[in-house]
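Peer 1: Got a structure for you, written out below as structure tokens; questions coming shortly.
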Amino acid sequence: MFTIQQIKVIARFRSAVILASALLLSAFSLSATEQSISTGWLTHPDHPPAQVRFMLTGEVDKSNNKAQGLLEVKLDDEWKTYWRSPGEGGVSPVLDLSQSQNLSNLEWFWPTPAFYEQSGLMTLGYKHNVVFPMELTFEDINQPLHFSGRLTLPTCTNICVLTDYDLELPPVELNKLETEASAQHLFQQGLASVPKQSDSTTLVSASFDALSQKLQVQLTHDAGWKTPQILIDGPEITDDYFSQPVVEVDGSLITATYNVTNWLGDTDLVGKTISITASDELFAHELTAIVDAKPLTQSADTSIITMIAFAFLGGLILNIMPCVLPVLGMKLNSMVASSASSKRSIRLQFFASAAGILTSFWLLATGLLILKFTGNAIGWGIQFQSPTFIGFMVIITALFTANLFGIFEIQLPSRFSTSIASKGNNTTLGHFVQGMFATLLATPCSAPFLGTAVAFALGANVFEMWVIFTSLGLGMALPWLLFALFPELVSFMPKPGMWMNKIKIIFGLMMLVTTLWLLSLLSPFLGSTTVWIVTALLIIFLLYKVGKKHGKNTVIAILAIIVFSSSALLIIGSMTTKHWVTPIVDDIPWQSLEQHSINEYVAQGKTVFVDVTADWCITCKANKIGVILQDPVYSTLHQENVIAMKGDWTHPSEKVTNYLKSHQRFGVPLNVVYGPNAPRGLPLPVILTSNDIIQAIEYAGRTN
């Protein structure tokens, strides 16, 4: 018999045993349940820094035959794995499910990655811990799911390792699964980092420039941008690599520009579908876009840094353009004449010339701003559309020519005549006017870098426009400023002597050529006959005055120089015939520029070459004579499947101006090639080469 106290002790012990058994049974059941939907943590003995596990959450969508799962990866220290598009180096993780049963598809969701630099290469991926949500599509809910996969996981630090993990789950009764809280929490945690579609982020444009191999994407986000990351990938562009973009944020608009490379060579993204992953501090969104060939926009970062440099270089190059050479000749003449002057005098002369150049650029900027604010067309060299301006320039160049020939007997009011005559002499005002004059003559010329800088300036705000035009002026004034800062450079010039009179005649002939060229620009306004009569009268008048001033020997010398120069050109031409066998005759079947006609021809599978030009544009003439009217371009433009179109900006034309603006250009020349492979057009460089045109025509004419 047990006492009451003993009975109580036994009862308590029995209750404890029952409770312990119940807890053990519950733990065992939970463990068994967890084992049924998870592989548990797997570590490869040859690569201990990485651990992986796969599990099902227990969440099943019976109506769509879908179940939730996840892959979790843990990495030690600085080890990392890769995104679906790994970047410049690395490979993506791969999961082979060919041995699974009752599994028709697995959709892998990728959290937003980060950029990592590795051995000088930029890669996209994850460090430390990452959860990849997955959605499994099964075939029959009444049949068990046999999940058997082999995961090939790339991991890298300063070395890279590919490791295989066998992911095996015991047969899963899908219709009996229940949601497991911890697995579901991990799934939602990973899903929160996966980009989603959202109306708050919208696509503005996605454009590819085949010549520069650049992709530009523009997006808007309702709440603006703080620390954005814009990634590009897609199933149609697996061999293309996109660099870290140059990103510009303007309120809710973001512009990302990428350099695109492909190990096979130049790539073509036009017409392809891309995925855009846009993320920021509080969101990650994914969009799709079809890439077009619209011209890329200029970025603000480029405007502040690159555009100023472009303007400076463009201004500097203007000094060697044909338009400015006559003025440089005058300047060289004055440099020789002033070689014995004091350093202070030399500095003053060159600073005056530089000030004249800058003043002219500021006046141009002011005039263009007035036109812009009054709604008129604006552009580089647009003043040459005015016969009044051309006539004024003819008078000025003729006066400079007469001055260089040593004749200033034009009967004008004495004060005005004296003032004009002094402009070509070595007065400070004369050097100032020389600088202004050089700028005015430079405006019909386009040079490398100049077109890009001017196009940006004309589309920018007032301050940016002034900065760009000031940079243009400083670039053009640089040679003059160097002599002003280092006047001792003048001492390297030849000493003055009788030879200077002969050199002045040569410079006078250069200026005469400029005058005759300006006169030719009046043909569309006055008619060719009138211009020829004025030209003949001017030449006769100048030769008469030169003969009266310097004697008939000087006239004979001038005529001899003209004959000798012409003969030399003919001899050089005959010796190089094989390089220009094609006659310089413009019999290309040009059509008038019409945008709707371009679209129709492209739809028919034809290639369209557009040349926007003007009679007063020196660079246009050089492109035409040196490239367009020479083989192989000349013959190519005569082919049946190539259409040549011309836009003439000699006179004001709203149609041509709008076309220029559509390509973000405000000056000529502009050459664009269209075709089935480039329906939006491929803009060509300002200074053309045969290769540029032929390559663009071949590229645009491809049919996919």
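Following the order of the structure tokens, chains are lettered A, B, ..., residues in each are numbered from 1, and ligands are numbered from 1.
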For segment 202-217 of chain A, list every protein, DNA or RNA residue within 6 Å, evaluated using only C-alpha atoms, and leave out those in the same chain fewer than 3 positions away; present the list as a PyMOL selection string.
Peer 2: chain A and resi 220+255-260+291-294
Peer 1: Do a neighbour search on segment 267-282 of chain A at 8 Å with only C-alpha atoms, toss out local chain neighbours closer than 6 positions, and write the hits as a compact mmCIF listing (two decimals) with all heavy atoms, in the first residue's frame.
Peer 2:
```txt
# COMPACT_ATOMS: atom_id res chain seq x y z
N THR A 112 16.90 42.48 -56.49
CA THR A 112 17.74 43.50 -57.11
C THR A 112 19.19 43.32 -56.67
O THR A 112 19.48 43.27 -55.48
CB THR A 112 17.27 44.91 -56.69
OG1 THR A 112 15.89 45.04 -57.03
CG2 THR A 112 18.07 45.99 -57.40
N PRO A 195 12.16 43.13 -58.06
CA PRO A 195 11.49 44.25 -58.76
C PRO A 195 10.10 43.85 -59.24
O PRO A 195 9.88 42.72 -59.68
CB PRO A 195 12.43 44.54 -59.94
CG PRO A 195 13.75 43.99 -59.53
CD PRO A 195 13.45 42.80 -58.69
N SER A 207 16.63 54.12 -76.62
CA SER A 207 17.18 54.36 -77.96
C SER A 207 18.62 53.87 -78.04
O SER A 207 19.37 53.97 -77.06
CB SER A 207 17.12 55.85 -78.31
OG SER A 207 15.80 56.34 -78.20
N PHE A 208 18.99 53.38 -79.23
CA PHE A 208 20.34 52.85 -79.46
C PHE A 208 20.96 53.58 -80.63
O PHE A 208 20.34 53.73 -81.69
CB PHE A 208 20.28 51.36 -79.73
CG PHE A 208 21.64 50.73 -79.97
CD1 PHE A 208 22.56 50.65 -78.94
CD2 PHE A 208 21.98 50.22 -81.21
CE1 PHE A 208 23.81 50.08 -79.15
CE2 PHE A 208 23.22 49.64 -81.43
CZ PHE A 208 24.14 49.57 -80.38
N ALA A 210 23.80 53.18 -83.21
CA ALA A 210 24.66 52.11 -83.73
C ALA A 210 26.09 52.58 -83.96
O ALA A 210 27.03 51.80 -83.79
CB ALA A 210 24.07 51.56 -85.03
N GLN A 213 27.60 52.96 -80.53
CA GLN A 213 27.33 51.77 -79.72
C GLN A 213 26.92 52.16 -78.29
O GLN A 213 27.45 51.68 -77.29
CB GLN A 213 28.54 50.84 -79.69
CG GLN A 213 28.88 50.21 -81.04
CD GLN A 213 27.92 49.09 -81.43
OE1 GLN A 213 27.96 48.00 -80.88
NE2 GLN A 213 27.04 49.36 -82.39
N TRP A 225 13.84 60.76 -57.80
CA TRP A 225 14.93 59.80 -57.64
C TRP A 225 15.93 60.31 -56.61
O TRP A 225 16.19 61.50 -56.51
CB TRP A 225 15.65 59.58 -58.98
CG TRP A 225 14.74 59.17 -60.09
CD1 TRP A 225 14.03 60.01 -60.92
CD2 TRP A 225 14.43 57.84 -60.51
NE1 TRP A 225 13.30 59.28 -61.82
CE2 TRP A 225 13.53 57.95 -61.60
CE3 TRP A 225 14.84 56.58 -60.09
CZ2 TRP A 225 13.02 56.84 -62.26
CZ3 TRP A 225 14.33 55.48 -60.75
CH2 TRP A 225 13.43 55.61 -61.82
N LYS A 226 16.50 59.39 -55.84
CA LYS A 226 17.50 59.75 -54.83
C LYS A 226 18.83 59.06 -55.12
O LYS A 226 19.82 59.70 -55.42
CB LYS A 226 16.99 59.38 -53.43
CG LYS A 226 15.76 60.18 -53.01
CD LYS A 226 15.29 59.79 -51.61
CE LYS A 226 14.06 60.61 -51.20
NZ LYS A 226 13.57 60.21 -49.84
N THR A 227 18.86 57.75 -54.99
CA THR A 227 20.09 56.99 -55.30
C THR A 227 19.71 55.88 -56.29
O THR A 227 19.69 54.70 -55.92
CB THR A 227 20.71 56.39 -54.02
OG1 THR A 227 19.72 55.57 -53.36
CG2 THR A 227 21.19 57.49 -53.09
N PRO A 228 19.42 56.22 -57.51
CA PRO A 228 18.87 55.24 -58.46
C PRO A 228 19.92 54.28 -58.99
O PRO A 228 21.11 54.58 -59.05
CB PRO A 228 18.33 56.13 -59.58
CG PRO A 228 19.22 57.33 -59.55
CD PRO A 228 19.54 57.56 -58.10
N GLN A 229 19.43 53.11 -59.38
CA GLN A 229 20.24 52.12 -60.10
C GLN A 229 19.38 51.57 -61.23
O GLN A 229 18.28 51.07 -61.00
CB GLN A 229 20.68 50.98 -59.18
CG GLN A 229 21.46 49.88 -59.89
CD GLN A 229 21.92 48.79 -58.93
OE1 GLN A 229 23.01 48.85 -58.38
NE2 GLN A 229 21.09 47.78 -58.73
N ILE A 230 19.87 51.71 -62.47
CA ILE A 230 19.12 51.27 -63.64
C ILE A 230 19.93 50.18 -64.33
O ILE A 230 21.05 50.43 -64.79
CB ILE A 230 18.86 52.44 -64.62
CG1 ILE A 230 18.34 53.68 -63.88
CG2 ILE A 230 17.90 52.00 -65.71
CD1 ILE A 230 17.00 53.48 -63.23
N LEU A 231 19.36 48.98 -64.42
CA LEU A 231 20.05 47.83 -65.01
C LEU A 231 19.32 47.39 -66.29
O LEU A 231 18.10 47.50 -66.38
CB LEU A 231 20.10 46.67 -64.02
CG LEU A 231 20.73 46.97 -62.65
CD1 LEU A 231 20.65 45.74 -61.76
CD2 LEU A 231 22.16 47.42 -62.81
N ILE A 232 20.09 46.88 -67.23
CA ILE A 232 19.55 46.44 -68.51
C ILE A 232 19.92 44.97 -68.75
O ILE A 232 21.08 44.58 -68.57
CB ILE A 232 20.11 47.28 -69.68
CG1 ILE A 232 19.85 48.76 -69.45
CG2 ILE A 232 19.52 46.81 -71.01
CD1 ILE A 232 18.40 49.16 -69.46
N ASP A 233 18.95 44.17 -69.14
CA ASP A 233 19.23 42.82 -69.61
C ASP A 233 18.02 42.35 -70.41
O ASP A 233 17.14 43.15 -70.73
CB ASP A 233 19.58 41.87 -68.46
CG ASP A 233 18.38 41.50 -67.60
OD1 ASP A 233 17.48 42.37 -67.44
OD2 ASP A 233 18.32 40.37 -67.10
N GLY A 234 17.99 41.09 -70.75
CA GLY A 234 16.87 40.56 -71.51
C GLY A 234 17.27 39.32 -72.27
O GLY A 234 18.45 39.14 -72.62
N PRO A 235 16.33 38.45 -72.57
CA PRO A 235 16.65 37.19 -73.26
C PRO A 235 17.14 37.38 -74.68
O PRO A 235 17.79 36.49 -75.23
CB PRO A 235 15.31 36.44 -73.23
CG PRO A 235 14.26 37.50 -73.05
CD PRO A 235 14.90 38.56 -72.22
N GLU A 236 16.87 38.55 -75.31
CA GLU A 236 17.30 38.78 -76.69
C GLU A 236 18.69 39.40 -76.78
O GLU A 236 19.21 39.60 -77.88
CB GLU A 236 16.29 39.68 -77.41
CG GLU A 236 14.91 39.06 -77.55
CD GLU A 236 13.97 39.96 -78.34
OE1 GLU A 236 14.46 40.84 -79.08
OE2 GLU A 236 12.75 39.79 -78.22
N ILE A 237 19.30 39.72 -75.64
CA ILE A 237 20.59 40.43 -75.67
C ILE A 237 21.60 39.74 -74.75
O ILE A 237 22.35 40.39 -74.02
CB ILE A 237 20.43 41.91 -75.27
CG1 ILE A 237 19.66 42.03 -73.95
CG2 ILE A 237 19.71 42.69 -76.35
CD1 ILE A 237 19.57 43.43 -73.43
N ASP A 240 25.39 40.75 -75.08
CA ASP A 240 25.75 42.16 -74.95
C ASP A 240 26.04 42.51 -73.49
O ASP A 240 25.36 42.03 -72.58
CB ASP A 240 24.61 43.05 -75.46
CG ASP A 240 24.34 42.84 -76.93
OD1 ASP A 240 25.29 43.00 -77.72
OD2 ASP A 240 23.21 42.50 -77.29
N VAL A 260 27.78 49.93 -74.89
CA VAL A 260 27.39 48.53 -75.13
C VAL A 260 28.52 47.83 -75.88
O VAL A 260 29.00 48.35 -76.90
CB VAL A 260 26.08 48.45 -75.94
CG1 VAL A 260 25.62 47.00 -76.05
CG2 VAL A 260 25.00 49.30 -75.29
N THR A 261 28.94 46.70 -75.39
CA THR A 261 29.98 45.92 -76.07
C THR A 261 29.49 44.49 -76.26
O THR A 261 28.62 44.00 -75.52
CB THR A 261 31.29 45.90 -75.27
OG1 THR A 261 31.04 45.43 -73.93
CG2 THR A 261 31.90 47.29 -75.20
N THR A 288 9.65 46.67 -69.45
CA THR A 288 10.18 46.17 -70.72
C THR A 288 10.04 47.28 -71.76
O THR A 288 9.18 48.16 -71.65
CB THR A 288 9.42 44.93 -71.20
OG1 THR A 288 8.03 45.25 -71.34
CG2 THR A 288 9.61 43.78 -70.23
N ALA A 289 10.93 47.25 -72.75
CA ALA A 289 10.92 48.26 -73.81
C ALA A 289 11.45 47.66 -75.09
O ALA A 289 12.29 46.74 -75.06
CB ALA A 289 11.76 49.47 -73.40
N ILE A 290 10.97 48.17 -76.20
CA ILE A 290 11.52 47.83 -77.52
C ILE A 290 12.43 48.97 -77.94
O ILE A 290 12.01 50.13 -77.99
CB ILE A 290 10.41 47.60 -78.55
CG1 ILE A 290 9.52 46.43 -78.11
CG2 ILE A 290 11.00 47.33 -79.93
CD1 ILE A 290 8.34 46.18 -79.01
N VAL A 291 13.67 48.67 -78.22
CA VAL A 291 14.68 49.70 -78.50
C VAL A 291 14.46 50.29 -79.88
O VAL A 291 14.23 49.56 -80.86
CB VAL A 291 16.10 49.10 -78.40
CG1 VAL A 291 17.15 50.17 -78.68
CG2 VAL A 291 16.32 48.50 -77.02
N ASP A 292 14.51 51.64 -79.96
CA ASP A 292 14.43 52.31 -81.26
C ASP A 292 15.77 52.96 -81.59
O ASP A 292 16.75 52.80 -80.85
CB ASP A 292 13.29 53.33 -81.28
CG ASP A 292 13.46 54.43 -80.22
OD1 ASP A 292 14.60 54.87 -79.98
OD2 ASP A 292 12.45 54.85 -79.63
N ALA A 293 15.82 53.70 -82.70
CA ALA A 293 17.07 54.32 -83.16
C ALA A 293 16.99 55.84 -83.13
O ALA A 293 17.69 56.52 -83.88
CB ALA A 293 17.41 53.85 -84.57
N ASN A 677 16.74 48.68 -91.19
CA ASN A 677 17.42 48.38 -89.94
C ASN A 677 17.66 49.62 -89.10
O ASN A 677 18.16 49.53 -87.99
CB ASN A 677 18.76 47.69 -90.23
CG ASN A 677 19.26 46.91 -89.03
OD1 ASN A 677 18.48 46.35 -88.27
ND2 ASN A 677 20.57 46.88 -88.84
N ALA A 678 17.31 50.80 -89.63
CA ALA A 678 17.47 52.06 -88.90
C ALA A 678 16.35 53.01 -89.29
O ALA A 678 16.58 54.06 -89.90
CB ALA A 678 18.84 52.68 -89.19
```
Peer 1: For Gln639 of chain A, work out the shell of residues within 12 Å, counting only C-alpha atoms and skipping chain neighbours fewer than 4 positions away, then give it as a PyMOL selection string.
Peer 2: chain A and resi 588-589+606-609+632-635+643-644+697
Peer 1: Tell me, as a list in words, which residues lie within 9 Å of segment 155-160 of chain A, counting only C-alpha atoms; anything in the same chain fewer than 5 positions away does not count.
Peer 2: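 Non-adjacent residues within range: Ala50, Leu75, Glu78, Trp79, Lys80, Thr81, Tyr82, Gly90, Gln118 and Ser119 of chain A.
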Peer 1: Determine which residues of segment 469-692 of chain A DSSP labels as strand (DSSP E) from the backbone of this structure, then write them out as a PyMOL selection string.
Peer 2: chain A and resi 591-592+607-613+642-648+670-675+678-683
Peer 1: Residues within 8 Å of segment 475-483 of chain A, please, as a list in words. Count only C-alpha atoms; anything in the same chain fewer than 3 positions from it doesn't count.
Peer 2: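 Listed by chain and then number, they are Ala311, Phe312, Leu313, Gly314, Gly315, Leu316, Ile317, Leu318, Asn319, Ile346, Arg347, Phe350, Phe351, Ser353, Ala354, Ile357, Leu358, Ser471, Leu472, Phe486, Pro487, Glu488, Leu489 and Val490 of chain A.
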Peer 1: Keeping only N, CA, C and O atoms, write the selected residues as an mmCIF file, in the first residue's frame.
Peer 2:
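Result saved to again_8.cif:
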```
data_model
loop_
_atom_site.group_PDB
_atom_site.id
_atom_site.type_symbol
_atom_site.label_atom_id
_atom_site.label_comp_id
_atom_site.auth_asym_id
_atom_site.auth_seq_id
_atom_site.Cartn_x
_atom_site.Cartn_y
_atom_site.Cartn_z
ATOM 1 N N ALA A 311 33.227 72.889 -77.002
ATOM 2 C CA ALA A 311 33.147 74.255 -77.527
ATOM 3 C C ALA A 311 34.542 74.859 -77.670
ATOM 4 O O ALA A 311 34.853 75.504 -78.677
ATOM 5 N N PHE A 312 35.389 74.636 -76.682
ATOM 6 C CA PHE A 312 36.748 75.188 -76.729
ATOM 7 C C PHE A 312 37.533 74.601 -77.903
ATOM 8 O O PHE A 312 38.172 75.324 -78.671
ATOM 9 N N LEU A 313 37.448 73.264 -78.058
ATOM 10 C CA LEU A 313 38.160 72.619 -79.168
ATOM 11 C C LEU A 313 37.584 73.038 -80.517
ATOM 12 O O LEU A 313 38.329 73.269 -81.479
ATOM 13 N N GLY A 314 36.241 73.142 -80.588
ATOM 14 C CA GLY A 314 35.622 73.573 -81.834
ATOM 15 C C GLY A 314 36.046 74.975 -82.220
ATOM 16 O O GLY A 314 36.336 75.253 -83.396
ATOM 17 N N GLY A 315 36.120 75.882 -81.242
ATOM 18 C CA GLY A 315 36.586 77.237 -81.514
ATOM 19 C C GLY A 315 38.031 77.270 -81.965
ATOM 20 O O GLY A 315 38.405 78.023 -82.872
ATOM 21 N N LEU A 316 38.859 76.434 -81.340
ATOM 22 C CA LEU A 316 40.276 76.375 -81.719
ATOM 23 C C LEU A 316 40.436 75.881 -83.155
ATOM 24 O O LEU A 316 41.225 76.437 -83.936
ATOM 25 N N ILE A 317 39.667 74.845 -83.526
ATOM 26 C CA ILE A 317 39.764 74.278 -84.872
ATOM 27 C C ILE A 317 39.288 75.279 -85.934
ATOM 28 O O ILE A 317 39.750 75.246 -87.076
ATOM 29 N N LEU A 318 38.395 76.186 -85.554
ATOM 30 C CA LEU A 318 37.918 77.185 -86.517
ATOM 31 C C LEU A 318 39.066 77.996 -87.113
ATOM 32 O O LEU A 318 38.959 78.503 -88.230
ATOM 33 N N ASN A 319 40.163 78.129 -86.375
ATOM 34 C CA ASN A 319 41.286 78.938 -86.862
ATOM 35 C C ASN A 319 41.903 78.375 -88.136
ATOM 36 O O ASN A 319 42.553 79.114 -88.885
ATOM 37 N N ILE A 346 52.704 94.839 -78.522
ATOM 38 C CA ILE A 346 52.307 93.544 -79.089
ATOM 39 C C ILE A 346 51.189 92.924 -78.268
ATOM 40 O O ILE A 346 50.204 92.407 -78.811
ATOM 41 N N ARG A 347 51.349 92.973 -76.930
ATOM 42 C CA ARG A 347 50.307 92.417 -76.060
ATOM 43 C C ARG A 347 48.969 93.103 -76.340
ATOM 44 O O ARG A 347 47.926 92.453 -76.452
ATOM 45 N N PHE A 350 47.299 91.917 -79.636
ATOM 46 C CA PHE A 350 46.723 90.572 -79.624
ATOM 47 C C PHE A 350 45.566 90.465 -78.642
ATOM 48 O O PHE A 350 44.601 89.737 -78.889
ATOM 49 N N PHE A 351 45.656 91.167 -77.521
ATOM 50 C CA PHE A 351 44.505 91.192 -76.611
ATOM 51 C C PHE A 351 43.312 91.855 -77.288
ATOM 52 O O PHE A 351 42.162 91.448 -77.091
ATOM 53 N N SER A 353 42.648 91.779 -80.530
ATOM 54 C CA SER A 353 42.092 90.795 -81.462
ATOM 55 C C SER A 353 41.268 89.749 -80.723
ATOM 56 O O SER A 353 40.172 89.367 -81.165
ATOM 57 N N ALA A 354 41.797 89.263 -79.589
ATOM 58 C CA ALA A 354 41.061 88.266 -78.793
ATOM 59 C C ALA A 354 39.756 88.854 -78.271
ATOM 60 O O ALA A 354 38.711 88.181 -78.270
ATOM 61 N N ILE A 357 37.219 88.826 -81.001
ATOM 62 C CA ILE A 357 36.640 87.485 -81.192
ATOM 63 C C ILE A 357 35.574 87.206 -80.140
ATOM 64 O O ILE A 357 34.453 86.779 -80.456
ATOM 65 N N LEU A 358 35.911 87.442 -78.873
ATOM 66 C CA LEU A 358 34.947 87.187 -77.793
ATOM 67 C C LEU A 358 33.713 88.064 -77.940
ATOM 68 O O LEU A 358 32.581 87.598 -77.746
ATOM 69 N N SER A 471 33.127 79.834 -74.346
ATOM 70 C CA SER A 471 34.148 78.803 -74.557
ATOM 71 C C SER A 471 34.555 78.726 -76.020
ATOM 72 O O SER A 471 35.735 78.542 -76.345
ATOM 73 N N LEU A 472 33.577 78.865 -76.932
ATOM 74 C CA LEU A 472 33.902 78.911 -78.358
ATOM 75 C C LEU A 472 34.841 80.072 -78.665
ATOM 76 O O LEU A 472 35.839 79.927 -79.385
ATOM 77 N N PHE A 486 52.790 85.756 -74.366
ATOM 78 C CA PHE A 486 54.216 85.551 -74.619
ATOM 79 C C PHE A 486 54.630 86.345 -75.858
ATOM 80 O O PHE A 486 54.849 85.772 -76.935
ATOM 81 N N PRO A 487 54.700 87.664 -75.742
ATOM 82 C CA PRO A 487 54.987 88.511 -76.918
ATOM 83 C C PRO A 487 56.351 88.245 -77.536
ATOM 84 O O PRO A 487 56.586 88.577 -78.693
ATOM 85 N N GLU A 488 57.254 87.616 -76.779
ATOM 86 C CA GLU A 488 58.573 87.322 -77.337
ATOM 87 C C GLU A 488 58.490 86.330 -78.501
ATOM 88 O O GLU A 488 59.435 86.199 -79.287
ATOM 89 N N LEU A 489 57.338 85.602 -78.630
ATOM 90 C CA LEU A 489 57.173 84.687 -79.757
ATOM 91 C C LEU A 489 57.213 85.425 -81.092
ATOM 92 O O LEU A 489 57.584 84.844 -82.116
ATOM 93 N N VAL A 490 56.824 86.690 -81.080
ATOM 94 C CA VAL A 490 56.830 87.476 -82.312
ATOM 95 C C VAL A 490 58.248 87.636 -82.852
ATOM 96 O O VAL A 490 58.461 87.788 -84.063
#
```
Peer 1: List the neighbours of Tyr241 of chain A out to 8 Å using only C-alpha atoms; skip same-chain residues closer than 2 positions along the sequence, and give me the result as a list in words.
Peer 2: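 Those residues are Gly87, Glu88, Asp239, Ser243, Val260, Thr261 and Asn262 of chain A.
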Peer 1: Would you save the residues from that selection as a compact mmCIF listing (two decimals), in the first residue's frame, using N, CA and C atoms?
Peer 2:
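In the end it all went to part_37.txt:
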```txt
# COMPACT_ATOMS: atom_id res chain seq x y z
N GLY A 87 26.97 40.58 -65.58
CA GLY A 87 27.83 41.73 -65.84
C GLY A 87 29.00 41.36 -66.72
N GLU A 88 30.12 42.08 -66.51
CA GLU A 88 31.27 41.92 -67.39
C GLU A 88 32.01 40.61 -67.15
N ASP A 239 24.40 38.24 -75.32
CA ASP A 239 25.83 38.41 -75.59
C ASP A 239 26.30 39.85 -75.44
N SER A 243 27.76 48.71 -69.73
CA SER A 243 28.61 49.30 -68.72
C SER A 243 27.76 49.96 -67.64
N VAL A 260 27.78 49.93 -74.89
CA VAL A 260 27.39 48.53 -75.13
C VAL A 260 28.52 47.83 -75.88
N THR A 261 28.94 46.70 -75.39
CA THR A 261 29.98 45.92 -76.07
C THR A 261 29.49 44.49 -76.26
N ASN A 262 30.06 43.85 -77.26
CA ASN A 262 29.71 42.47 -77.56
C ASN A 262 30.98 41.77 -78.03
```
Peer 1: Using DSSP on the backbone coordinates, identify the residues of segment 123-256 of chain A assigned to alpha helix (DSSP H); present them as a list of chain:residue names.
Peer 2: A:Ala181, A:Ser182, A:Ala183, A:Gln184, A:His185, A:Leu186, A:Phe187, A:Gln188, A:Gln189, A:Gly190, A:Leu191
Peer 1: With all heavy atoms retained, could you export that selection as a short mmCIF file (atom, residue, chain, number, x, y, z; two decimals), in the first residue's frame?
Peer 2:
```
data_model
loop_
_atom_site.label_atom_id
_atom_site.label_comp_id
_atom_site.auth_asym_id
_atom_site.auth_seq_id
_atom_site.Cartn_x
_atom_site.Cartn_y
_atom_site.Cartn_z
N ALA A 181 5.22 28.57 -41.42
CA ALA A 181 5.36 30.00 -41.14
C ALA A 181 6.76 30.54 -41.42
O ALA A 181 6.92 31.58 -42.06
CB ALA A 181 4.96 30.29 -39.69
N SER A 182 7.79 29.84 -40.97
CA SER A 182 9.15 30.37 -41.13
C SER A 182 9.56 30.37 -42.60
O SER A 182 10.21 31.31 -43.08
CB SER A 182 10.14 29.53 -40.31
OG SER A 182 10.14 28.18 -40.75
N ALA A 183 9.15 29.35 -43.36
CA ALA A 183 9.47 29.32 -44.78
C ALA A 183 8.71 30.41 -45.53
O ALA A 183 9.26 31.08 -46.43
CB ALA A 183 9.12 27.94 -45.36
N GLN A 184 7.44 30.60 -45.16
CA GLN A 184 6.66 31.66 -45.80
C GLN A 184 7.24 33.04 -45.51
O GLN A 184 7.27 33.92 -46.38
CB GLN A 184 5.20 31.58 -45.32
CG GLN A 184 4.27 32.62 -45.92
CD GLN A 184 4.09 32.45 -47.41
OE1 GLN A 184 4.37 31.39 -47.96
NE2 GLN A 184 3.63 33.49 -48.09
N HIS A 185 7.76 33.23 -44.30
CA HIS A 185 8.38 34.50 -43.93
C HIS A 185 9.63 34.75 -44.80
O HIS A 185 9.83 35.87 -45.30
CB HIS A 185 8.78 34.47 -42.46
CG HIS A 185 9.54 35.69 -42.03
ND1 HIS A 185 8.95 36.92 -41.85
CD2 HIS A 185 10.87 35.87 -41.76
CE1 HIS A 185 9.86 37.81 -41.49
NE2 HIS A 185 11.04 37.19 -41.42
N LEU A 186 10.44 33.72 -44.98
CA LEU A 186 11.63 33.86 -45.83
C LEU A 186 11.24 34.17 -47.28
O LEU A 186 11.86 35.00 -47.95
CB LEU A 186 12.46 32.57 -45.79
CG LEU A 186 13.42 32.39 -44.62
CD1 LEU A 186 14.07 31.02 -44.69
CD2 LEU A 186 14.48 33.48 -44.62
N PHE A 187 10.18 33.48 -47.75
CA PHE A 187 9.72 33.71 -49.13
C PHE A 187 9.31 35.17 -49.31
O PHE A 187 9.71 35.83 -50.30
CB PHE A 187 8.54 32.78 -49.43
CG PHE A 187 7.98 32.93 -50.81
CD1 PHE A 187 8.49 32.18 -51.86
CD2 PHE A 187 6.94 33.82 -51.07
CE1 PHE A 187 7.97 32.32 -53.15
CE2 PHE A 187 6.43 33.96 -52.35
CZ PHE A 187 6.94 33.21 -53.39
N GLN A 188 8.52 35.70 -48.40
CA GLN A 188 8.06 37.08 -48.50
C GLN A 188 9.23 38.06 -48.35
O GLN A 188 9.25 39.12 -48.99
CB GLN A 188 6.98 37.36 -47.44
CG GLN A 188 5.70 36.58 -47.63
CD GLN A 188 5.01 36.91 -48.95
OE1 GLN A 188 5.13 38.01 -49.48
NE2 GLN A 188 4.28 35.93 -49.50
N GLN A 189 10.18 37.70 -47.51
CA GLN A 189 11.36 38.55 -47.33
C GLN A 189 12.13 38.66 -48.65
O GLN A 189 12.57 39.74 -49.05
CB GLN A 189 12.24 37.96 -46.23
CG GLN A 189 13.41 38.84 -45.83
CD GLN A 189 14.23 38.18 -44.74
OE1 GLN A 189 14.56 36.99 -44.79
NE2 GLN A 189 14.56 38.96 -43.72
N GLY A 190 12.31 37.52 -49.34
CA GLY A 190 13.00 37.56 -50.63
C GLY A 190 12.18 38.27 -51.69
O GLY A 190 12.71 39.04 -52.51
N LEU A 191 10.85 38.06 -51.67
CA LEU A 191 9.98 38.67 -52.67
C LEU A 191 9.97 40.19 -52.55
O LEU A 191 9.79 40.90 -53.56
CB LEU A 191 8.57 38.10 -52.52
CG LEU A 191 7.62 38.28 -53.72
CD1 LEU A 191 8.16 37.54 -54.93
CD2 LEU A 191 6.22 37.78 -53.35
#
```
Peer 1: So, with only C-alpha atoms as the atoms that count, which of A:Gly647, A:Gly149, A:Gly551, A:Pro245 lies closest to Gln591 of chain A?
Peer 2: A:Gly647
